[in-house]
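Below you'll find the structure, written out as C-alpha cells, and then a few comments.
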Amino acid sequence: MMNPPNPTLTTPASGSNQPVAYPCASAQSPAQAETHPVFNVSSELGDINLFDSDPALQEAVQREGAGWAIDDLKQFGALTGSRDYLYLGYLANKYKPELDTHDRFGHRVDVVHYHPAYHELMRSAFANQLHSLPWVNPVAGAHVARAAKFLIQAQVEAGHICPTTMTFACIPSIRSTPKLVALWQDKILSPQYDPRNLPASQKNGLTVGMGMTEKQGGSDVRANTTVAVPVHQRGPGEGYEITGHKWFLSAPMCDLFLVLAKTDAGVSCFLVPRWRPDGSKNSLQVIRLKNKMGNVSNASSEVEFRGAFGWLVGEESRGVATIIEMVSLTRFDCMTGSTAIMRMGLIQAIHHCQQRAVFGKKLIAQPLMQNLLADLALEYEGALALTMRMARALDQKQLDTDNQHENLLARIATAIGKYWICKRTPNHSYEAMEVIGGSGVMEDSPMPRLYREAVINTIWEGSGNVQCLDVLRAMTKTPATVEAYFKEVSLALGKHALFDQAVERLQAEFQNRENLEFRARNVVDQLAVVLQAALLLQHAPDYVATAFCLSRLGQQGMHNYGSLPVEVDATAIIQRTYQV
Ligand SMILES: Cc1cc2nc3c(=O)[nH]c(=O)nc-3n(C[C@H](O)[C@H](O)[C@H](O)COP(=O)(O)OP(=O)(O)OC[C@H]3O[C@@H](n4cnc5c(N)ncnc54)[C@H](O)[C@@H]3O)c2cc1C
C-alpha cells in the first residue's frame, strides 16, 4: 500500500533573514543552549504570481495572439505561485505512486495509488483546461493561452503534466476516426478530472495515455512485436484483440491508451480502454512500475496485453502516421515543459541571490554571479520566444489549414525546439542549482527535481538524435520547410551583424548536403539559436537581443553559462526577468 502521508509535514513557514535574538546562555541548561544564530539564509520561494512576475511571458502572450487570456492567466499565476500550491509539487513526489496488481482476495486489479497532492494537481490542470483549451475553444490564441498556462503549471510539478499532455495531444489522432470521436471526445475534453477506477462510460472525465515503446525498439517502432487481429470486421473504429507488451506506458490509470500494434497489414494504431465496453476489466496488465530517477509522481509502467480489446484508430498500417499527430503535440509540450523547468530554476536562483550575502555583498550584486544569472535569463528568453511562436503556429495550423507558412514552420521548428530547448535545460538546471550552493542539492529543495525532469524531457518523445534526424527528414521530404524557416528568420535580417553572418553561415551549411546526418546536431544547433535570435531581435528589448547575439552567435560552439561578454547589460536583463 501507499505510504501514509506524514502528519508532521506542513507547509513550511516563511523564512527570516533576521539574526535570532538569544536568551542569555547562562539561563539555559547546556542541552538547551542555542548554539548559533541562523541568519543570512534564503527562504522558501512562494506567494508570488508566476505570470505577473514574468514580463517576457506577458509580452509573448500578447504578441502571439492571446491578449484576451491575460486576466485568466493573472489569476492562474497567483494560484500556482502560492506557497500551498507549490508545496503540492513537493508532496506528490515525496510519496511515490504504488501498484497493487491484485486485491487481497486474489483478483487481478492493476491499480496504482497516488498521493492526494497528485490528484489535486490533476484536478486543477483539468479544471484549467490544460488538456483541452484549443479543442473546446478553437479561437486565435487558444494554443498560446494554453501554452502559457501549461508553462506556469509545469513550473510547479512535472509528473502530472505527462497524462495532462497525453490527454490534450490525443485529440487530432482520435479525430481521424468519427466513431471514436462520437464515443469519447466529449468526456476526454471534460474539465472534470475523475480518478475513480471505473469503466469510462461511468465516469465524468477521462484521461488518455500512449503505448509505443517496446523492449526491442523505442525510437524504431517498426520493430514492435505486439500484434492485433480483428474481433469481427476490420476497419477504422472496429474492435481488435491485442497481444504483446509495452516496455514503457506512463500513467497506467488513464482510461484509454493510444497503442501501436501490428496487424497483417502493418503497424496500426488502436484505442485501448482500461475496461471493456461490457464493463469487465480489459486484459491490460501492469507488470511493474518503473523505478525512475525523476518524474516520480507520475507512475510509468511495463504492461502486457493479453488479448486486450481495442478500437482501430485511422487505417490499418497507417499507425505511425496516425499517432504522429499526437506525438508532435507531446513534443511541443516537451519544449514548453523544459522552458518551465528553466523558469523555475532561474527564479529560485535569483530569489536566493537576493537574500544571501557573501564577502560583504549580496550575491545578486556580485559581478560574476550577475553574469551567470543574466545568462540563465537569456536562455529562458530564447526558449520562451521560440515556444510561444510555435504555439501561434499551432493556432494558425488549426484555424487556417491553408496557411502553408505556419504549417511548414510548425513541422520543422517543433523538432528543432524539442531538441534544442530540452537539450539546453539539464545544464541550465544544474547551474541554477549551483547558484544556490549546498542547500540547492537537498531533496527538500525543488532543484534536484528540476534537474531530473530536465534530463527525462530530453529522452522521451524522441531523444536528441531522433529529433535531429526528424529535422533532416522534414528538410528532405518537404524542402519547403527549409524555405519557411529562412523566410521566418529573414524578418530579423539587418538588426544585428552577428545575426546576419550566422544566417549566411547556415545557408552555406545547406549548400553542402554531404555527411548531413553525421553533422545533424551541429546544423540543428545553429537552426535553433538563429531562430531564437531572430525572434528576440524582433520582439525583446534591445539589451536582451544584443546580449543573446553576442553570447550565442559570436562564440558559436564555445558558450558556457556565465561567460557573457562585458558589453552586456546584465543588471537590466536580471531586473527584467523576475519582477516581484
Ligand atoms: C520516464 C519515461 C516515461 C516514458 N513513457 C512512455 C510512454 O508512456 N509511452 C511510450 O510509448 N514510451 C514511453 N517512454 C519511452 C520513451 O519514449 C523512449 O525511451 C524513447 O523514445 C527512446 O527509446 P528507447 O528507450 O528504446 O531508446 P532507443 O530507441 O534504443 O534509442 C537510444 C538512443 O539512440 C538514439 N538513436 C535512435 N535512432 C538513432 C539513429 N538512427 N541515429 C543516431 N542515434 C539514434 C536515440 O536518440 C537515443 O539517444 C518513456 C520513457 C521514459 C524515460
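In the C-alpha cells, chains take the letters A, B, ... in the order shown, each chain's residues start at 1, and ligands count up from 1 in the order shown.
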Q: Name the residues in contact with range 85-99 of chain A at a cut-off of 9 Å, using only C-alpha atoms, excluding same-chain residues fewer than 3 positions from it; report them as an MDAnalysis selection string.
A: chainID A and resid 1:5 9:12 45:47 79:82 110:121 155:160 286 288:289 294:299 444:446 449
Please dump the current selection as a compact mmCIF listing (two decimals), in the first residue's frame; keep N, CA and C atoms.
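Generated file (part_22.txt):
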# COMPACT_ATOMS: atom_id res chain seq x y z
N MET A 1 0.84 -1.20 0.00
CA MET A 1 0.00 0.00 0.00
C MET A 1 0.87 1.26 0.00
N MET A 2 0.18 2.32 -0.29
CA MET A 2 0.90 3.59 -0.36
C MET A 2 1.38 4.05 1.01
N ASN A 3 2.49 4.76 1.06
CA ASN A 3 2.93 5.34 2.32
C ASN A 3 1.87 6.31 2.81
N PRO A 4 1.51 6.24 4.08
CA PRO A 4 0.55 7.25 4.57
C PRO A 4 1.21 8.62 4.58
N PRO A 5 0.42 9.66 4.32
CA PRO A 5 1.03 10.99 4.40
C PRO A 5 1.59 11.22 5.79
N LEU A 9 4.15 16.75 8.25
CA LEU A 9 4.54 17.62 7.15
C LEU A 9 3.50 18.71 6.94
N THR A 10 3.92 19.91 7.04
CA THR A 10 3.01 21.01 6.77
C THR A 10 3.72 22.01 5.88
N THR A 11 2.97 22.95 5.35
CA THR A 11 3.60 23.97 4.53
C THR A 11 4.61 24.73 5.36
N PRO A 12 5.85 24.83 4.87
CA PRO A 12 6.85 25.49 5.71
C PRO A 12 6.55 26.97 5.89
N LEU A 45 10.72 29.99 -1.66
CA LEU A 45 10.05 30.83 -2.67
C LEU A 45 8.55 30.51 -2.63
N GLY A 46 7.74 31.51 -2.60
CA GLY A 46 6.30 31.23 -2.59
C GLY A 46 5.51 32.52 -2.46
N ASP A 47 4.19 32.37 -2.65
CA ASP A 47 3.28 33.52 -2.60
C ASP A 47 3.74 34.62 -3.56
N LEU A 79 -2.64 31.67 -8.23
CA LEU A 79 -2.95 30.36 -7.64
C LEU A 79 -1.70 29.47 -7.60
N THR A 80 -1.05 29.34 -8.74
CA THR A 80 0.05 28.37 -8.85
C THR A 80 1.31 28.81 -8.10
N GLY A 81 1.46 30.13 -7.93
CA GLY A 81 2.64 30.61 -7.22
C GLY A 81 2.44 30.67 -5.71
N SER A 82 1.26 30.27 -5.26
CA SER A 82 1.02 30.32 -3.81
C SER A 82 1.87 29.23 -3.14
N ASP A 110 -4.78 -4.32 -10.96
CA ASP A 110 -3.90 -3.34 -11.64
C ASP A 110 -4.26 -1.90 -11.26
N VAL A 111 -4.14 -1.62 -9.99
CA VAL A 111 -4.50 -0.27 -9.51
C VAL A 111 -3.25 0.43 -8.97
N VAL A 112 -3.08 1.67 -9.39
CA VAL A 112 -1.97 2.49 -8.86
C VAL A 112 -2.55 3.51 -7.89
N HIS A 113 -1.91 3.63 -6.74
CA HIS A 113 -2.33 4.60 -5.72
C HIS A 113 -1.39 5.80 -5.75
N TYR A 114 -1.97 6.98 -5.71
CA TYR A 114 -1.17 8.21 -5.74
C TYR A 114 -1.41 9.01 -4.47
N HIS A 115 -0.47 9.89 -4.17
CA HIS A 115 -0.68 10.81 -3.06
C HIS A 115 -1.79 11.80 -3.45
N PRO A 116 -2.62 12.24 -2.48
CA PRO A 116 -3.68 13.21 -2.80
C PRO A 116 -3.16 14.46 -3.50
N ALA A 117 -1.91 14.85 -3.24
CA ALA A 117 -1.38 16.06 -3.89
C ALA A 117 -1.34 15.88 -5.41
N TYR A 118 -1.03 14.68 -5.85
CA TYR A 118 -1.01 14.41 -7.30
C TYR A 118 -2.42 14.61 -7.87
N HIS A 119 -3.40 14.05 -7.19
CA HIS A 119 -4.78 14.19 -7.68
C HIS A 119 -5.20 15.66 -7.68
N GLU A 120 -4.76 16.40 -6.69
CA GLU A 120 -5.14 17.82 -6.63
C GLU A 120 -4.53 18.58 -7.82
N LEU A 121 -3.30 18.27 -8.15
CA LEU A 121 -2.66 18.92 -9.31
C LEU A 121 -3.39 18.53 -10.60
N GLN A 155 5.90 24.53 -13.98
CA GLN A 155 6.92 25.01 -13.05
C GLN A 155 6.70 24.41 -11.67
N VAL A 156 5.46 24.07 -11.40
CA VAL A 156 5.12 23.57 -10.07
C VAL A 156 5.46 22.08 -9.95
N GLU A 157 5.11 21.31 -10.98
CA GLU A 157 5.30 19.85 -10.88
C GLU A 157 5.20 19.25 -12.27
N ALA A 158 6.10 18.33 -12.58
CA ALA A 158 6.14 17.82 -13.95
C ALA A 158 5.45 16.46 -14.12
N GLY A 159 5.33 15.69 -13.04
CA GLY A 159 4.80 14.33 -13.20
C GLY A 159 3.37 14.31 -13.72
N HIS A 160 2.51 15.12 -13.14
CA HIS A 160 1.10 15.11 -13.55
C HIS A 160 0.93 15.74 -14.93
N VAL A 286 -0.65 -4.54 -15.66
CA VAL A 286 0.55 -3.77 -15.29
C VAL A 286 1.52 -4.75 -14.62
N ARG A 288 4.89 -4.06 -13.67
CA ARG A 288 5.54 -3.35 -12.56
C ARG A 288 5.64 -1.87 -12.92
N LEU A 289 5.91 -1.07 -11.89
CA LEU A 289 6.17 0.35 -12.12
C LEU A 289 7.67 0.56 -12.30
N GLY A 294 13.49 10.38 -12.09
CA GLY A 294 12.72 11.62 -11.99
C GLY A 294 11.29 11.38 -12.43
N ASN A 295 10.51 12.47 -12.52
CA ASN A 295 9.10 12.34 -12.90
C ASN A 295 8.43 11.29 -12.02
N VAL A 296 8.78 11.39 -10.73
CA VAL A 296 8.45 10.33 -9.79
C VAL A 296 6.95 10.26 -9.49
N SER A 297 6.29 11.41 -9.43
CA SER A 297 4.87 11.39 -9.06
C SER A 297 4.03 10.69 -10.11
N ASN A 298 4.58 10.64 -11.33
CA ASN A 298 3.86 10.02 -12.45
C ASN A 298 4.28 8.56 -12.54
N ALA A 299 3.34 7.64 -12.30
CA ALA A 299 3.69 6.23 -12.44
C ALA A 299 3.97 5.95 -13.91
N ASP A 444 14.79 18.33 -0.20
CA ASP A 444 13.61 19.14 0.13
C ASP A 444 13.67 20.51 -0.54
N SER A 445 14.65 20.67 -1.42
CA SER A 445 14.65 21.84 -2.31
C SER A 445 14.07 21.38 -3.65
N PRO A 446 13.48 22.28 -4.42
CA PRO A 446 12.93 21.84 -5.72
C PRO A 446 14.01 21.56 -6.76
N ARG A 449 14.70 18.01 -8.22
CA ARG A 449 13.54 17.59 -9.01
C ARG A 449 13.58 18.22 -10.40
(Q) Could you list, as JSON, numbers by chain, all residues that come within 8 Å of ligand 1? Count only C-alpha atoms and all ligand atoms. (A) {"A": [209, 210, 211, 212, 213, 214, 215, 216, 217, 218, 219, 220, 246, 247, 248, 249, 250, 251, 259, 290, 292, 294, 295, 300, 301, 456, 457, 459, 460, 461, 462, 463, 464, 465, 466, 467, 469]}
How about saving the chosen residues, C-alpha atoms kept, as a PDB file, in the first residue's frame?
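Contents of out_38.pdb, as written:
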ATOM      1  CA  GLY A 209      -2.131   7.589 -22.291  1.00  0.00           C
ATOM      2  CA  MET A 210       0.105   6.290 -25.047  1.00  0.00           C
ATOM      3  CA  GLY A 211       1.903   2.979 -25.641  1.00  0.00           C
ATOM      4  CA  MET A 212       4.518   2.767 -28.392  1.00  0.00           C
ATOM      5  CA  THR A 213       7.834   1.732 -26.852  1.00  0.00           C
ATOM      6  CA  GLU A 214       8.695  -1.961 -26.610  1.00  0.00           C
ATOM      7  CA  LYS A 215      11.777  -3.666 -25.193  1.00  0.00           C
ATOM      8  CA  GLN A 216      13.429  -4.177 -28.560  1.00  0.00           C
ATOM      9  CA  GLY A 217      12.527  -0.783 -30.027  1.00  0.00           C
ATOM     10  CA  GLY A 218      11.599   2.674 -28.785  1.00  0.00           C
ATOM     11  CA  SER A 219      12.722   5.108 -31.442  1.00  0.00           C
ATOM     12  CA  ASP A 220      12.234   2.446 -34.078  1.00  0.00           C
ATOM     13  CA  LYS A 246       4.887  -2.212 -23.870  1.00  0.00           C
ATOM     14  CA  TRP A 247       8.151  -1.502 -22.088  1.00  0.00           C
ATOM     15  CA  PHE A 248       7.019   1.981 -21.151  1.00  0.00           C
ATOM     16  CA  LEU A 249       3.433   3.046 -20.542  1.00  0.00           C
ATOM     17  CA  SER A 250       3.182   6.136 -18.378  1.00  0.00           C
ATOM     18  CA  ALA A 251       0.134   6.974 -16.271  1.00  0.00           C
ATOM     19  CA  VAL A 259      -1.309   1.895 -28.668  1.00  0.00           C
ATOM     20  CA  LYS A 290       9.415   1.821 -13.417  1.00  0.00           C
ATOM     21  CA  LYS A 292      12.712   6.203 -12.385  1.00  0.00           C
ATOM     22  CA  GLY A 294      12.723  11.622 -11.989  1.00  0.00           C
ATOM     23  CA  ASN A 295       9.101  12.345 -12.899  1.00  0.00           C
ATOM     24  CA  SER A 300       5.324   4.778 -15.549  1.00  0.00           C
ATOM     25  CA  SER A 301       4.794   1.101 -16.095  1.00  0.00           C
ATOM     26  CA  ILE A 456      13.955  12.960 -18.815  1.00  0.00           C
ATOM     27  CA  ASN A 457      12.427  15.578 -21.079  1.00  0.00           C
ATOM     28  CA  ILE A 459      14.866  11.420 -23.739  1.00  0.00           C
ATOM     29  CA  TRP A 460      11.172  10.714 -24.097  1.00  0.00           C
ATOM     30  CA  GLU A 461       9.052  11.698 -27.080  1.00  0.00           C
ATOM     31  CA  GLY A 462      12.064  11.243 -29.336  1.00  0.00           C
ATOM     32  CA  SER A 463      15.557  11.680 -27.924  1.00  0.00           C
ATOM     33  CA  GLY A 464      18.071  14.267 -29.174  1.00  0.00           C
ATOM     34  CA  ASN A 465      19.434  12.397 -32.187  1.00  0.00           C
ATOM     35  CA  VAL A 466      15.942  11.339 -33.199  1.00  0.00           C
ATOM     36  CA  GLN A 467      14.808  14.970 -33.248  1.00  0.00           C
ATOM     37  CA  LEU A 469      17.049  13.186 -37.793  1.00  0.00           C
TER      38      LEU A 469
END
Q.
List the spatial neighbours of range 411-420 of chain A as a ChimeraX atom specification - criterion: any atom at most 7 Å away, only C-alpha atoms, same-chain residues fewer than 6 positions off excluded.
A. /A:331-332,334-335,390,464,467-468,470-471,474,481,524-525,528
Residues of the last selection are to be written out with N, CA, C and O atoms, as a short mmCIF file (atom, residue, chain, number, x, y, z; two decimals), in the first residue's frame.
data_model
loop_
_atom_site.label_atom_id
_atom_site.label_comp_id
_atom_site.auth_asym_id
_atom_site.auth_seq_id
_atom_site.Cartn_x
_atom_site.Cartn_y
_atom_site.Cartn_z
N ARG A 331 5.58 16.52 -28.24
CA ARG A 331 6.92 17.13 -28.41
C ARG A 331 6.87 18.62 -28.16
O ARG A 331 7.78 19.19 -27.55
N PHE A 332 5.82 19.25 -28.64
CA PHE A 332 5.67 20.68 -28.37
C PHE A 332 5.60 20.91 -26.85
O PHE A 332 6.23 21.82 -26.30
N CYS A 334 6.92 19.12 -24.59
CA CYS A 334 8.27 18.93 -24.01
C CYS A 334 9.06 20.23 -24.07
O CYS A 334 9.77 20.59 -23.12
N MET A 335 8.93 20.96 -25.20
CA MET A 335 9.59 22.27 -25.29
C MET A 335 9.08 23.18 -24.19
O MET A 335 9.84 23.84 -23.49
N MET A 390 5.90 28.98 -31.63
CA MET A 390 5.37 27.71 -32.12
C MET A 390 3.91 27.52 -31.69
O MET A 390 3.12 26.91 -32.40
N GLY A 464 17.38 13.23 -28.42
CA GLY A 464 18.07 14.27 -29.17
C GLY A 464 18.38 13.89 -30.62
O GLY A 464 18.00 14.60 -31.55
N GLN A 467 15.36 13.66 -32.84
CA GLN A 467 14.81 14.97 -33.25
C GLN A 467 15.62 15.56 -34.39
O GLN A 467 15.07 16.11 -35.34
N CYS A 468 16.95 15.44 -34.28
CA CYS A 468 17.80 15.99 -35.36
C CYS A 468 17.51 15.25 -36.67
O CYS A 468 17.42 15.88 -37.74
N ASP A 470 14.78 13.92 -37.42
CA ASP A 470 13.45 14.35 -37.85
C ASP A 470 13.52 15.69 -38.60
O ASP A 470 12.79 15.91 -39.57
N VAL A 471 14.41 16.56 -38.15
CA VAL A 471 14.61 17.83 -38.88
C VAL A 471 15.11 17.52 -40.29
O VAL A 471 14.59 18.06 -41.28
N ALA A 474 12.26 16.22 -42.38
CA ALA A 474 11.39 17.31 -42.83
C ALA A 474 12.04 18.04 -44.00
O ALA A 474 11.39 18.33 -45.01
N THR A 481 9.92 23.25 -46.05
CA THR A 481 10.10 23.59 -44.63
C THR A 481 11.35 24.46 -44.45
O THR A 481 11.37 25.34 -43.59
N VAL A 524 21.45 21.50 -36.50
CA VAL A 524 20.22 21.83 -35.76
C VAL A 524 20.53 22.80 -34.61
O VAL A 524 19.71 23.68 -34.31
N ASP A 525 21.69 22.67 -34.01
CA ASP A 525 22.10 23.66 -33.00
C ASP A 525 21.99 25.07 -33.60
O ASP A 525 21.44 25.99 -33.00
N ALA A 528 18.48 26.29 -34.36
CA ALA A 528 17.75 26.68 -33.14
C ALA A 528 18.18 28.07 -32.67
O ALA A 528 17.34 28.94 -32.41
#
Q | Computed interatomic separation between CA of Phe518 in chain A and CA of Thr458 in chain A (Å) | A | 19.7 Å
Pull the strand (DSSP E) assignments for range 17-117 of chain A out of DSSP run on the backbone, and list those residues as an mmCIF file with all heavy atoms, in the first residue's frame.
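So result-v3.cif came out as:
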data_model
loop_
_atom_site.group_PDB
_atom_site.id
_atom_site.type_symbol
_atom_site.label_atom_id
_atom_site.label_comp_id
_atom_site.auth_asym_id
_atom_site.auth_seq_id
_atom_site.Cartn_x
_atom_site.Cartn_y
_atom_site.Cartn_z
ATOM 1 N N GLU A 98 2.191 3.787 -5.923
ATOM 2 C CA GLU A 98 2.430 2.360 -5.682
ATOM 3 C C GLU A 98 1.394 1.524 -6.406
ATOM 4 O O GLU A 98 0.229 1.920 -6.512
ATOM 5 C CB GLU A 98 2.394 2.069 -4.185
ATOM 6 C CG GLU A 98 3.590 2.677 -3.467
ATOM 7 C CD GLU A 98 3.693 2.268 -2.010
ATOM 8 O OE1 GLU A 98 2.826 1.485 -1.542
ATOM 9 O OE2 GLU A 98 4.623 2.747 -1.348
ATOM 10 N N LEU A 99 1.835 0.360 -6.850
ATOM 11 C CA LEU A 99 0.977 -0.517 -7.649
ATOM 12 C C LEU A 99 0.457 -1.689 -6.812
ATOM 13 O O LEU A 99 1.225 -2.323 -6.096
ATOM 14 C CB LEU A 99 1.808 -1.076 -8.827
ATOM 15 C CG LEU A 99 1.192 -2.215 -9.630
ATOM 16 C CD1 LEU A 99 -0.031 -1.754 -10.419
ATOM 17 C CD2 LEU A 99 2.230 -2.830 -10.581
ATOM 18 N N ASP A 100 -0.828 -1.951 -6.925
ATOM 19 C CA ASP A 100 -1.390 -3.226 -6.464
ATOM 20 C C ASP A 100 -1.807 -3.998 -7.713
ATOM 21 O O ASP A 100 -2.709 -3.561 -8.434
ATOM 22 C CB ASP A 100 -2.650 -2.995 -5.609
ATOM 23 C CG ASP A 100 -2.285 -2.660 -4.173
ATOM 24 O OD1 ASP A 100 -1.152 -2.983 -3.766
ATOM 25 O OD2 ASP A 100 -3.128 -2.076 -3.477
ATOM 26 N N THR A 101 -1.152 -5.129 -7.962
ATOM 27 C CA THR A 101 -1.578 -5.929 -9.125
ATOM 28 C C THR A 101 -2.855 -6.705 -8.790
ATOM 29 O O THR A 101 -3.686 -6.953 -9.657
ATOM 30 C CB THR A 101 -0.487 -6.927 -9.554
ATOM 31 O OG1 THR A 101 -0.112 -7.692 -8.416
ATOM 32 C CG2 THR A 101 0.726 -6.208 -10.125
ATOM 33 N N HIS A 102 -2.994 -7.124 -7.500
ATOM 34 C CA HIS A 102 -4.150 -7.941 -7.090
ATOM 35 C C HIS A 102 -4.783 -7.337 -5.843
ATOM 36 O O HIS A 102 -4.111 -6.639 -5.081
ATOM 37 C CB HIS A 102 -3.708 -9.368 -6.773
ATOM 38 C CG HIS A 102 -3.185 -10.097 -7.985
ATOM 39 N ND1 HIS A 102 -1.915 -9.906 -8.484
ATOM 40 C CD2 HIS A 102 -3.776 -11.008 -8.788
ATOM 41 C CE1 HIS A 102 -1.742 -10.666 -9.554
ATOM 42 N NE2 HIS A 102 -2.866 -11.347 -9.764
ATOM 43 N N ARG A 108 -7.199 -9.933 -10.005
ATOM 44 C CA ARG A 108 -6.310 -9.010 -10.713
ATOM 45 C C ARG A 108 -6.967 -7.629 -10.732
ATOM 46 O O ARG A 108 -8.127 -7.487 -11.162
ATOM 47 C CB ARG A 108 -6.119 -9.510 -12.146
ATOM 48 C CG ARG A 108 -5.149 -8.710 -12.943
ATOM 49 C CD ARG A 108 -3.778 -9.333 -12.963
ATOM 50 N NE ARG A 108 -2.790 -8.278 -13.139
ATOM 51 C CZ ARG A 108 -1.483 -8.473 -13.196
ATOM 52 N NH1 ARG A 108 -0.988 -9.687 -13.060
ATOM 53 N NH2 ARG A 108 -0.666 -7.470 -13.360
ATOM 54 N N VAL A 109 -6.300 -6.607 -10.249
ATOM 55 C CA VAL A 109 -6.914 -5.278 -10.235
ATOM 56 C C VAL A 109 -6.103 -4.225 -10.993
ATOM 57 O O VAL A 109 -6.659 -3.313 -11.589
ATOM 58 C CB VAL A 109 -7.195 -4.770 -8.798
ATOM 59 C CG1 VAL A 109 -8.345 -5.524 -8.167
ATOM 60 C CG2 VAL A 109 -5.946 -4.822 -7.926
ATOM 61 N N ASP A 110 -4.776 -4.320 -10.956
ATOM 62 C CA ASP A 110 -3.897 -3.343 -11.637
ATOM 63 C C ASP A 110 -4.260 -1.903 -11.263
ATOM 64 O O ASP A 110 -4.646 -1.102 -12.112
ATOM 65 C CB ASP A 110 -3.982 -3.520 -13.158
ATOM 66 C CG ASP A 110 -3.518 -4.895 -13.602
ATOM 67 O OD1 ASP A 110 -2.355 -5.223 -13.354
ATOM 68 O OD2 ASP A 110 -4.351 -5.645 -14.158
ATOM 69 N N VAL A 111 -4.142 -1.618 -9.989
ATOM 70 C CA VAL A 111 -4.496 -0.269 -9.513
ATOM 71 C C VAL A 111 -3.254 0.434 -8.973
ATOM 72 O O VAL A 111 -2.496 -0.144 -8.196
ATOM 73 C CB VAL A 111 -5.575 -0.359 -8.405
ATOM 74 C CG1 VAL A 111 -5.764 1.010 -7.741
ATOM 75 C CG2 VAL A 111 -6.896 -0.824 -8.985
ATOM 76 N N VAL A 112 -3.078 1.672 -9.391
ATOM 77 C CA VAL A 112 -1.968 2.489 -8.864
ATOM 78 C C VAL A 112 -2.552 3.513 -7.894
ATOM 79 O O VAL A 112 -3.557 4.163 -8.191
ATOM 80 C CB VAL A 112 -1.225 3.211 -10.007
ATOM 81 C CG1 VAL A 112 -0.088 4.077 -9.450
ATOM 82 C CG2 VAL A 112 -0.672 2.205 -11.017
ATOM 83 N N HIS A 113 -1.908 3.626 -6.737
ATOM 84 C CA HIS A 113 -2.334 4.605 -5.721
ATOM 85 C C HIS A 113 -1.390 5.798 -5.752
ATOM 86 O O HIS A 113 -0.170 5.623 -5.792
ATOM 87 C CB HIS A 113 -2.283 3.977 -4.323
ATOM 88 C CG HIS A 113 -3.078 2.714 -4.218
ATOM 89 N ND1 HIS A 113 -4.413 2.694 -3.940
ATOM 90 C CD2 HIS A 113 -2.704 1.432 -4.396
ATOM 91 C CE1 HIS A 113 -4.839 1.436 -3.942
ATOM 92 N NE2 HIS A 113 -3.823 0.657 -4.214
#
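With only C-alpha atoms as the atoms that count, the residue of A:Gln285, A:Ile350, A:Asp71, A:Phe510 with the shortest distance to Val580 in chain A is A:Ile350.
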Q.
Show me, as a ChimeraX atom specification, the residues that have an atom within 7 Å of Phe270 in chain A when counting only C-alpha atoms, minus same-chain residues fewer than 4 positions from it.
A. /A:258-260,310-313
